[in-house]
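Undergrad: File coords_38.cif follows (mmCIF, C-alpha atoms):
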data_final
#
loop_
_atom_site.label_atom_id
_atom_site.label_comp_id
_atom_site.auth_asym_id
_atom_site.auth_seq_id
_atom_site.Cartn_x
_atom_site.Cartn_y
_atom_site.Cartn_z
CA MET T 349 -3.25 -8.52 -15.02
CA TYR T 350 -2.18 -11.99 -14.19
CA THR T 351 -3.00 -15.16 -16.08
CA SER T 352 -4.72 -17.13 -13.34
CA PRO T 353 -7.39 -15.59 -11.10
CA LEU T 354 -7.34 -18.77 -9.03
CA LEU T 355 -3.65 -18.35 -8.33
CA GLU T 356 -4.23 -14.75 -7.29
CA LYS T 357 -7.00 -15.93 -4.98
CA LEU T 358 -4.71 -18.48 -3.34
CA ILE T 359 -1.95 -15.91 -2.96
CA LYS T 360 -4.40 -13.55 -1.23
CA GLN T 361 -5.51 -16.31 1.11
CA PHE T 362 -1.95 -17.12 2.05
CA ALA T 363 -1.09 -13.43 2.42
CA ARG T 364 -3.78 -13.10 5.09
CA MET T 365 -1.90 -15.54 7.32
CA PRO T 366 0.15 -14.12 10.17
CA GLY T 367 3.72 -13.23 9.25
CA ILE T 368 3.19 -14.07 5.57
CA GLY T 369 3.88 -11.17 3.22
CA TYR T 370 2.84 -10.97 -0.39
CA LYS T 371 6.05 -12.44 -1.77
CA THR T 372 6.03 -15.40 0.60
CA ALA T 373 2.37 -15.96 -0.21
CA ARG T 374 3.26 -16.03 -3.91
CA ARG T 375 6.01 -18.55 -3.27
CA LEU T 376 3.63 -20.73 -1.26
CA ALA T 377 0.94 -20.56 -3.96
CA PHE T 378 3.46 -21.62 -6.61
CA TYR T 379 4.56 -24.42 -4.31
CA VAL T 380 0.96 -25.65 -4.05
CA LEU T 381 0.65 -25.37 -7.82
CA LYS T 382 3.65 -27.65 -8.25
CA LEU T 383 2.55 -30.17 -5.62
CA PRO T 384 1.48 -33.60 -6.87
CA ASP T 385 -2.34 -33.79 -7.03
CA GLU T 386 -2.64 -36.18 -4.10
CA LYS T 387 -0.43 -34.03 -1.87
CA ALA T 388 -2.52 -30.94 -2.61
CA LYS T 389 -5.68 -32.93 -1.95
CA GLU T 390 -4.22 -34.13 1.33
CA LEU T 391 -3.43 -30.57 2.41
CA ALA T 392 -6.95 -29.41 1.52
CA ASP T 393 -8.47 -32.37 3.35
CA THR T 394 -6.41 -31.70 6.49
CA ILE T 395 -7.60 -28.09 6.52
CA VAL T 396 -11.24 -29.14 6.28
CA GLU T 397 -10.81 -32.00 8.76
CA ILE T 398 -9.05 -29.91 11.37
CA LYS T 399 -11.98 -27.49 11.40
CA SER T 400 -14.54 -30.24 11.86
CA LYS T 401 -12.73 -32.52 14.30
CA VAL T 402 -10.62 -30.27 16.49
CA SER T 403 -12.45 -28.56 19.33
CA GLU T 404 -11.76 -27.29 22.84
CA CYS T 405 -11.22 -29.50 25.87
CA SER T 406 -14.04 -28.79 28.33
CA VAL T 407 -11.64 -29.19 31.26
CA CYS T 408 -8.47 -27.31 30.34
CA GLY T 409 -9.50 -25.36 27.22
CA ASN T 410 -6.74 -26.86 25.11
CA ILE T 411 -7.44 -27.87 21.53
CA THR T 412 -8.23 -31.54 21.17
CA GLU T 413 -9.84 -34.16 18.99
CA MET T 414 -11.54 -35.83 21.97
CA ASP T 415 -13.10 -34.33 25.06
CA PRO T 416 -11.59 -34.28 27.69
CA CYS T 417 -8.21 -34.03 25.99
CA PRO T 418 -5.51 -36.75 26.26
CA ILE T 419 -3.50 -34.65 28.74
CA CYS T 420 -6.43 -34.19 31.14
CA THR T 421 -7.24 -37.90 31.06
CA ASP T 422 -3.64 -39.18 31.20
CA PRO T 423 -3.24 -41.24 34.41
CA GLN T 424 0.56 -40.81 34.15
CA ARG T 425 0.28 -37.07 34.66
CA ASP T 426 0.09 -35.28 37.95
CA GLN T 427 -3.44 -33.92 38.04
CA SER T 428 -2.67 -31.87 41.16
CA VAL T 429 -0.35 -29.43 39.33
CA VAL T 430 -1.87 -27.03 36.82
CA CYS T 431 0.19 -24.89 34.51
CA VAL T 432 -1.74 -21.81 33.37
CA VAL T 433 -0.86 -20.56 29.89
CA GLU T 434 -2.29 -18.04 27.46
CA GLN T 435 -2.61 -20.09 24.28
CA PRO T 436 -2.74 -23.72 23.10
CA SER T 437 0.55 -23.03 21.30
CA ASP T 438 2.16 -22.46 24.72
CA VAL T 439 1.18 -26.00 25.72
CA PHE T 440 2.90 -27.11 22.58
CA ALA T 441 6.12 -25.32 23.56
CA LEU T 442 6.08 -26.60 27.16
CA GLU T 443 5.35 -30.18 26.10
CA LYS T 444 8.40 -30.11 23.89
CA THR T 445 10.65 -29.66 26.92
CA ASN T 446 9.55 -33.07 28.22
CA GLU T 447 10.00 -31.57 31.70
CA TYR T 448 6.46 -30.99 32.79
CA LYS T 449 4.27 -33.83 34.00
CA GLY T 450 1.29 -31.90 35.34
CA VAL T 451 -1.79 -30.69 33.49
CA PHE T 452 -2.66 -27.38 31.83
CA HIS T 453 -5.21 -24.63 31.84
CA ILE T 454 -5.49 -22.40 28.79
CA LEU T 455 -6.77 -18.88 29.46
CA GLY T 456 -7.32 -18.04 25.83
CA GLY T 457 -5.32 -14.81 26.07
CA ALA T 458 -4.08 -12.28 28.62
CA LEU T 459 -5.57 -9.25 30.33
CA SER T 460 -5.26 -6.26 28.05
CA PRO T 461 -7.45 -3.27 28.90
CA LEU T 462 -6.23 -1.44 25.77
CA ASP T 463 -7.59 -4.23 23.58
CA GLY T 464 -10.72 -4.49 25.69
CA ILE T 465 -9.80 -7.90 27.10
CA GLY T 466 -10.95 -8.17 30.70
CA PRO T 467 -11.06 -11.10 33.16
CA GLU T 468 -14.48 -12.19 31.86
CA ASP T 469 -12.93 -12.78 28.41
CA LEU T 470 -10.47 -15.30 29.80
CA LYS T 471 -11.14 -18.80 31.12
CA ILE T 472 -10.53 -17.78 34.74
CA LYS T 473 -13.81 -18.99 36.22
CA SER T 474 -13.23 -22.52 34.96
CA LEU T 475 -9.72 -22.39 36.45
CA LEU T 476 -11.05 -21.42 39.88
CA LYS T 477 -13.61 -24.20 39.60
CA ARG T 478 -10.81 -26.72 39.09
CA ILE T 479 -8.91 -25.73 42.25
CA PRO T 480 -11.08 -27.59 44.80
CA GLU T 481 -10.77 -30.74 42.64
CA GLY T 482 -7.43 -31.61 44.23
CA ILE T 483 -5.16 -28.93 42.77
CA LYS T 484 -2.10 -28.35 44.96
CA GLU T 485 0.01 -26.06 42.79
CA VAL T 486 -0.76 -23.53 40.08
CA ILE T 487 2.20 -22.60 37.89
CA ILE T 488 1.49 -19.31 36.13
CA ALA T 489 3.20 -19.46 32.75
CA THR T 490 1.70 -16.45 31.01
CA ASN T 491 4.05 -14.56 28.69
CA PRO T 492 6.80 -12.42 30.23
CA ASP T 493 5.31 -9.23 28.74
CA THR T 494 3.09 -6.48 30.18
CA GLU T 495 -0.19 -8.31 29.54
CA GLY T 496 1.14 -11.63 30.78
CA GLU T 497 2.56 -10.04 33.93
CA ALA T 498 -0.71 -8.22 34.64
CA THR T 499 -2.60 -11.47 34.18
CA SER T 500 -0.24 -13.33 36.52
CA ILE T 501 -0.69 -10.68 39.24
CA TYR T 502 -4.47 -10.77 38.79
CA LEU T 503 -4.49 -14.57 39.08
CA LEU T 504 -2.24 -14.48 42.14
CA GLU T 505 -4.75 -12.23 43.93
CA LEU T 506 -7.55 -14.66 43.15
CA LEU T 507 -5.59 -17.78 44.06
CA LYS T 508 -3.89 -16.54 47.25
CA PRO T 509 -6.96 -16.99 49.50
CA LEU T 510 -7.41 -20.59 48.28
CA ASN T 511 -4.40 -21.84 50.23
CA ILE T 512 -2.56 -23.50 47.37
CA LYS T 513 0.98 -23.06 46.09
CA VAL T 514 1.12 -20.47 43.34
CA THR T 515 4.35 -20.22 41.32
CA ARG T 516 5.51 -18.23 38.32
CA ILE T 517 7.91 -19.57 35.66
CA ALA T 518 11.39 -18.09 36.13
CA ARG T 519 12.66 -15.08 34.28
CA GLY T 520 16.29 -14.54 33.48
CA LEU T 521 18.80 -14.72 30.67
CA PRO T 522 17.80 -17.07 27.87
CA THR T 523 20.16 -19.95 27.14
CA GLY T 524 22.60 -19.00 24.40
CA GLY T 525 21.87 -15.35 25.07
CA ASP T 526 24.55 -12.74 25.40
CA LEU T 527 24.79 -10.89 28.71
CA GLU T 528 26.19 -7.85 26.94
CA PHE T 529 23.15 -7.53 24.72
CA ALA T 530 20.45 -8.45 27.24
CA ASP T 531 17.89 -5.71 27.87
CA ILE T 532 17.77 -3.97 31.25
CA THR T 533 14.60 -5.68 32.48
CA THR T 534 15.86 -9.15 31.65
CA LEU T 535 19.19 -8.45 33.29
CA SER T 536 17.73 -6.99 36.48
CA ARG T 537 15.30 -9.93 36.71
CA ALA T 538 18.21 -12.31 36.25
CA LEU T 539 20.03 -10.62 39.13
CA GLN T 540 16.98 -10.57 41.40
CA ASN T 541 16.22 -14.22 40.76
CA ARG T 542 19.81 -15.44 41.06
CA THR T 543 20.13 -18.93 42.47
CA THR T 544 22.70 -20.33 44.88
CA MET T 545 25.27 -22.48 43.13
CA MET A 1416 2.94 -35.97 22.76
CA TYR A 1417 0.59 -33.36 21.51
CA THR A 1418 -3.17 -33.29 21.87
CA SER A 1419 -4.17 -33.22 18.21
CA PRO A 1420 -2.58 -35.51 15.60
CA LEU A 1421 -4.47 -33.58 12.92
CA LEU A 1422 -2.84 -30.34 14.01
CA GLU A 1423 0.56 -31.99 13.90
CA LYS A 1424 -0.21 -33.24 10.42
CA LEU A 1425 -1.14 -29.77 9.22
CA ILE A 1426 1.99 -28.30 10.82
CA LYS A 1427 4.12 -30.86 9.00
CA GLN A 1428 2.41 -30.05 5.70
CA PHE A 1429 3.05 -26.33 6.16
CA ALA A 1430 6.63 -26.98 7.28
CA ARG A 1431 7.32 -28.67 3.93
CA MET A 1432 6.62 -25.42 2.12
CA PRO A 1433 9.61 -23.38 0.93
CA GLY A 1434 10.92 -20.90 3.50
CA ILE A 1435 8.52 -22.09 6.18
CA GLY A 1436 10.22 -23.34 9.33
CA TYR A 1437 8.60 -25.37 12.06
CA LYS A 1438 7.58 -22.39 14.17
CA THR A 1439 5.99 -20.53 11.27
CA ALA A 1440 4.22 -23.72 10.25
CA ARG A 1441 2.84 -24.00 13.77
CA ARG A 1442 1.61 -20.40 13.66
CA LEU A 1443 -0.05 -21.03 10.31
CA ALA A 1444 -1.73 -24.21 11.54
CA PHE A 1445 -3.11 -22.37 14.56
CA TYR A 1446 -4.29 -19.62 12.24
CA VAL A 1447 -6.19 -22.17 10.14
CA LEU A 1448 -7.61 -23.64 13.34
CA LYS A 1449 -8.98 -20.24 14.30
CA LEU A 1450 -10.36 -19.42 10.84
CA PRO A 1451 -14.14 -19.33 10.47
CA ASP A 1452 -15.36 -22.61 8.96
CA GLU A 1453 -16.29 -21.08 5.61
CA LYS A 1454 -12.89 -19.38 5.24
CA ALA A 1455 -11.07 -22.65 5.91
CA LYS A 1456 -13.34 -24.40 3.43
CA GLU A 1457 -12.61 -21.70 0.87
CA LEU A 1458 -8.86 -22.15 1.32
CA ALA A 1459 -9.15 -25.91 0.94
CA ASP A 1460 -11.35 -25.50 -2.15
CA THR A 1461 -8.92 -23.08 -3.77
CA ILE A 1462 -6.07 -25.54 -3.24
CA VAL A 1463 -8.03 -28.36 -4.90
CA GLU A 1464 -9.38 -26.11 -7.66
CA ILE A 1465 -6.00 -24.66 -8.56
CA LYS A 1466 -4.66 -28.15 -9.12
CA SER A 1467 -7.51 -29.16 -11.39
CA LYS A 1468 -7.99 -25.96 -13.39
CA VAL A 1469 -4.57 -24.41 -13.74
CA SER A 1470 -2.37 -25.86 -16.47
CA GLU A 1471 0.38 -24.76 -18.82
CA CYS A 1472 -0.12 -22.50 -21.84
CA SER A 1473 0.79 -24.51 -24.94
CA VAL A 1474 2.30 -21.42 -26.56
CA CYS A 1475 4.39 -19.72 -23.87
CA GLY A 1476 4.50 -22.31 -21.09
CA ASN A 1477 3.04 -19.91 -18.53
CA ILE A 1478 0.47 -21.16 -16.03
CA THR A 1479 -3.06 -20.46 -17.11
CA GLU A 1480 -6.69 -21.44 -16.67
CA MET A 1481 -7.33 -21.36 -20.45
CA ASP A 1482 -5.15 -22.41 -23.33
CA PRO A 1483 -3.61 -20.35 -24.93
CA CYS A 1484 -3.21 -18.02 -21.96
CA PRO A 1485 -4.73 -14.49 -21.85
CA ILE A 1486 -1.34 -12.89 -22.51
CA CYS A 1487 -0.72 -14.93 -25.69
CA THR A 1488 -4.20 -14.13 -27.03
CA ASP A 1489 -4.30 -10.46 -25.97
CA PRO A 1490 -4.61 -8.32 -29.16
CA GLN A 1491 -3.37 -5.30 -27.20
CA ARG A 1492 0.01 -6.90 -26.67
CA ASP A 1493 2.92 -6.81 -29.06
CA GLN A 1494 3.19 -10.40 -30.26
CA SER A 1495 6.48 -9.64 -32.02
CA VAL A 1496 8.43 -9.16 -28.79
CA VAL A 1497 9.07 -12.19 -26.58
CA CYS A 1498 10.50 -11.95 -23.11
CA VAL A 1499 12.19 -15.21 -22.07
CA VAL A 1500 12.06 -15.97 -18.35
CA GLU A 1501 12.86 -18.94 -16.15
CA GLN A 1502 9.66 -19.32 -14.14
CA PRO A 1503 5.99 -18.30 -14.20
CA SER A 1504 6.69 -16.25 -11.07
CA ASP A 1505 9.06 -14.10 -13.15
CA VAL A 1506 6.13 -13.22 -15.45
CA PHE A 1507 4.29 -12.18 -12.34
CA ALA A 1508 7.11 -9.85 -11.30
CA LEU A 1509 7.50 -8.33 -14.77
CA GLU A 1510 3.76 -7.81 -15.20
CA LYS A 1511 3.69 -5.85 -11.97
CA THR A 1512 5.95 -3.19 -13.50
CA ASN A 1513 3.25 -2.39 -16.06
CA GLU A 1514 6.13 -1.59 -18.43
CA TYR A 1515 6.15 -4.55 -20.69
CA LYS A 1516 3.61 -4.94 -23.46
CA GLY A 1517 5.05 -7.90 -25.35
CA VAL A 1518 4.53 -11.60 -24.72
CA PHE A 1519 6.48 -14.19 -22.72
CA HIS A 1520 8.20 -17.50 -23.02
CA ILE A 1521 8.79 -19.55 -19.90
CA LEU A 1522 11.78 -21.89 -20.01
CA GLY A 1523 10.85 -23.77 -16.87
CA GLY A 1524 14.28 -23.28 -15.31
CA ALA A 1525 17.87 -22.48 -16.25
CA LEU A 1526 20.80 -24.50 -17.48
CA SER A 1527 22.56 -26.10 -14.54
CA PRO A 1528 24.93 -28.97 -15.34
CA LEU A 1529 25.52 -29.57 -11.62
CA ASP A 1530 21.81 -30.25 -11.10
CA GLY A 1531 21.65 -32.25 -14.32
CA ILE A 1532 19.53 -29.64 -16.12
CA GLY A 1533 20.51 -29.47 -19.78
CA PRO A 1534 18.98 -27.67 -22.78
CA GLU A 1535 16.57 -30.56 -23.43
CA ASP A 1536 15.02 -30.01 -19.99
CA LEU A 1537 14.07 -26.43 -20.84
CA LYS A 1538 11.42 -25.21 -23.27
CA ILE A 1539 13.97 -24.03 -25.81
CA LYS A 1540 12.67 -25.94 -28.84
CA SER A 1541 9.23 -24.39 -28.51
CA LEU A 1542 10.89 -20.96 -28.26
CA LEU A 1543 12.80 -21.51 -31.50
CA LYS A 1544 9.59 -22.68 -33.15
CA ARG A 1545 7.92 -19.38 -32.24
CA ILE A 1546 10.62 -17.22 -33.86
CA PRO A 1547 9.48 -17.60 -37.51
CA GLU A 1548 5.94 -16.69 -36.43
CA GLY A 1549 6.71 -12.97 -36.63
CA ILE A 1550 9.05 -12.51 -33.64
CA LYS A 1551 11.29 -9.45 -34.05
CA GLU A 1552 12.91 -9.20 -30.64
CA VAL A 1553 13.77 -11.69 -27.91
CA ILE A 1554 14.46 -10.17 -24.50
CA ILE A 1555 16.37 -12.61 -22.36
CA ALA A 1556 15.29 -12.07 -18.77
CA THR A 1557 16.77 -15.10 -17.05
CA ASN A 1558 18.06 -14.51 -13.51
CA PRO A 1559 21.31 -12.54 -13.07
CA ASP A 1560 23.05 -15.56 -11.52
CA THR A 1561 25.45 -18.18 -12.89
CA GLU A 1562 22.73 -20.46 -14.27
CA GLY A 1563 20.71 -17.59 -15.72
CA GLU A 1564 23.79 -16.09 -17.36
CA ALA A 1565 24.81 -19.45 -18.83
CA THR A 1566 21.29 -19.89 -20.18
CA SER A 1567 21.29 -16.42 -21.73
CA ILE A 1568 24.60 -17.08 -23.48
CA TYR A 1569 23.35 -20.44 -24.73
CA LEU A 1570 20.16 -18.84 -26.07
CA LEU A 1571 22.11 -16.03 -27.72
CA GLU A 1572 24.16 -18.58 -29.67
CA LEU A 1573 20.98 -20.25 -30.90
CA LEU A 1574 19.17 -17.01 -31.75
CA LYS A 1575 22.04 -15.12 -33.39
CA PRO A 1576 21.78 -16.92 -36.78
CA LEU A 1577 18.03 -16.22 -36.95
CA ASN A 1578 18.52 -12.53 -37.71
CA ILE A 1579 16.38 -11.10 -34.94
CA LYS A 1580 17.16 -8.60 -32.23
CA VAL A 1581 18.30 -10.34 -29.02
CA THR A 1582 18.52 -8.25 -25.86
CA ARG A 1583 19.30 -8.92 -22.21
CA ILE A 1584 17.67 -7.08 -19.31
CA ALA A 1585 20.05 -4.53 -17.80
CA ARG A 1586 22.25 -5.20 -14.80
CA GLY A 1587 23.34 -2.50 -12.40
CA LEU A 1588 22.66 -1.07 -8.99
CA PRO A 1589 19.19 -1.80 -7.69
CA THR A 1590 16.99 1.20 -6.87
CA GLY A 1591 17.32 2.14 -3.22
CA GLY A 1592 20.58 0.21 -3.07
CA ASP A 1593 23.69 1.54 -1.45
CA LEU A 1594 26.77 1.94 -3.65
CA GLU A 1595 29.02 1.39 -0.66
CA PHE A 1596 27.54 -2.02 0.04
CA ALA A 1597 27.10 -3.23 -3.55
CA ASP A 1598 29.07 -6.37 -4.42
CA ILE A 1599 31.98 -6.17 -6.86
CA THR A 1600 30.17 -7.87 -9.75
CA THR A 1601 27.15 -5.61 -9.50
CA LEU A 1602 29.33 -2.54 -9.29
CA SER A 1603 31.55 -3.46 -12.23
CA ARG A 1604 28.45 -4.27 -14.30
CA ALA A 1605 26.97 -0.94 -13.34
CA LEU A 1606 30.14 0.79 -14.53
CA GLN A 1607 30.32 -1.19 -17.78
CA ASN A 1608 26.69 -0.53 -18.61
CA ARG A 1609 26.72 3.16 -17.68
CA THR A 1610 24.34 5.28 -19.74
CA THR A 1611 24.84 8.80 -21.12
CA MET A 1612 22.93 11.38 -19.12
#
Any chance you could give the structure as structure tokens?
TA:
Amino acid sequence: MYTSPLLEKLIKQFARMPGIGYKTARRLAFYVLKLPDEKAKELADTIVEIKSKVSECSVCGNITEMDPCPICTDPQRDQSVVCVVEQPSDVFALEKTNEYKGVFHILGGALSPLDGIGPEDLKIKSLLKRIPEGIKEVIIATNPDTEGEATSIYLLELLKPLNIKVTRIARGLPTGGDLEFADITTLSRALQNRTTM
Amino acid sequence: MYTSPLLEKLIKQFARMPGIGYKTARRLAFYVLKLPDEKAKELADTIVEIKSKVSECSVCGNITEMDPCPICTDPQRDQSVVCVVEQPSDVFALEKTNEYKGVFHILGGALSPLDGIGPEDLKIKSLLKRIPEGIKEVIIATNPDTEGEATSIYLLELLKPLNIKVTRIARGLPTGGDLEFADITTLSRALQNRTTM
């Protein structure tokens, strides 16, 4: 028995979040309990607001507060290069590099027959529809795992006949990684994809 | 630049929580974004509700939705035994054992001169006031760290003249622990406090 059913409820809600165990959830709930009233209100408001205002960009499928999203409508960006990723969070990661000046296309996942995810579950049709609109290069940036690789091969087959450049983000040793501890696949990919110095 | 300022705001709010780094905060924000509307609303409501309805028990200092708290008013519990802890979350942990049938007293922290926390910052006066009300034993269950130990010694000095039993929760090897890897203090405490088999 605990003294506050509301606290238990909040703990359970936090514990449902990905990567949050019961103890972390408890710590978070106590943190919320100790927050100043206005900060807690602000957090609650943001949660409600994000659900009502954030939707999907009709062009690229990224999350956005306006449609089309700021990336798709940015005149500074190269609209002829599309980077295909699995999730909106991947856009986030790529944007942080400050390297990429093209636009994006978010598939909404990767091919995974075991999970019942086929091509019709991904935003592939809308990608193909974008190609004739002046796309010159498609960079496939799906995850370097089985599903991501399968998806990239599937996309390559579809894109090949369209006479555009199709590239895949490089695989190799991660920066700060240790050659000695790299797994076999990573190491053999790093050898295969070696670049001339 | 990211496509949703609201999402960034939510990420920042999560990242302020204890033990939540930027990447976890991002995962949580995306989780909230994917929640069904009613679930997100429920989470927001719980956060607001917990702030308005949960307060401190005037007897033991534990968090509660009614005053005095259910533990202090429970006739099934032994009101003559008080377990003194640092935080409400400690009550949580002890209650989970289902071992303890007495009541609690929450200090609200531990003595820590370096952080400027002295006896007047802890709920020690209200503890002393409870003693004449039929308390026979005080179990000091502050944390087994420097601050918790200092607090327990300080409390012992105050409680000794009152002619009640004062105990301290046992220290020793944790269950499932490995003797080989136990630190010196734990091991020497375990030796000192050895029990007859």
Undergrad: Nearest residue to Pro418 (chain T) out of A:Leu1570, A:Pro1547, A:Leu1577, A:Ser1419, using all atoms listed in the file?
TA: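 Checking each of A:Leu1570, A:Pro1547, A:Leu1577, A:Ser1419 against Pro418 (chain T), counting all atoms listed in the file, the winner is A:Ser1419.
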Undergrad: Return as a PyMOL selection string the set of residues that the PyMOL selection byres ((chain A) within 8 of (chain T)) yields on the displayed structure.
TA: chain A and resi 1416-1419+1421-1422+1424-1425+1428+1432-1434+1439+1441-1443+1445-1448+1452+1455-1456+1458-1466+1469+1478-1480+1484-1486+1504+1507+1510
Undergrad: Hey, can you check how far CA of Ala1525 (chain A) sits from CA of Lys360 (chain T)?
TA: 28.3 Å
Undergrad: Work out how far apart CA of Asp1489 (chain A) and CA of His1520 (chain A) are and give it in Å to one decimal.
TA: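 Interatomic distance here is 14.6 Å.
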Undergrad: Just the residues within 7 Å of Leu470 (chain T), please, counting only C-alpha atoms, with nothing from its chain fewer than 5 positions along; format it as a ChimeraX atom specification.
TA: /T:455-457
Undergrad: If you count all atoms listed in the file, which residues fall within 12 Å of Lys1540 (chain A), apart from same-chain ones fewer than 5 positions away, as a list in words?
TA: Val1474, Cys1475, Gly1476, His1520, Ile1521, Leu1522, Pro1534, Glu1535, Arg1545, Ile1546, Leu1570, Leu1573 and Leu1574 of chain A
Undergrad: As an exercise, work out the distance from CA of Arg537 (chain T) to CA of Thr523 (chain T) in Å and give it to one decimal place.
TA: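 CA of Thr523 (chain T) lies 14.7 Å from CA of Arg537 (chain T).
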Undergrad: Name the residues in contact with Gln1494 (chain A) at a cut-off of 6 Å, using only C-alpha atoms, excluding same-chain residues fewer than 2 positions from it; report them as an mmCIF file with C-alpha atoms, in the coordinates of the input.
TA:
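Wrote around_6.cif, looks like this:
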data_model
loop_
_atom_site.group_PDB
_atom_site.id
_atom_site.type_symbol
_atom_site.label_atom_id
_atom_site.label_comp_id
_atom_site.auth_asym_id
_atom_site.auth_seq_id
_atom_site.Cartn_x
_atom_site.Cartn_y
_atom_site.Cartn_z
ATOM 1 C CA ARG A 1492 0.010 -6.900 -26.670
ATOM 2 C CA VAL A 1496 8.430 -9.160 -28.790
ATOM 3 C CA GLY A 1517 5.050 -7.900 -25.350
ATOM 4 C CA VAL A 1518 4.530 -11.600 -24.720
#
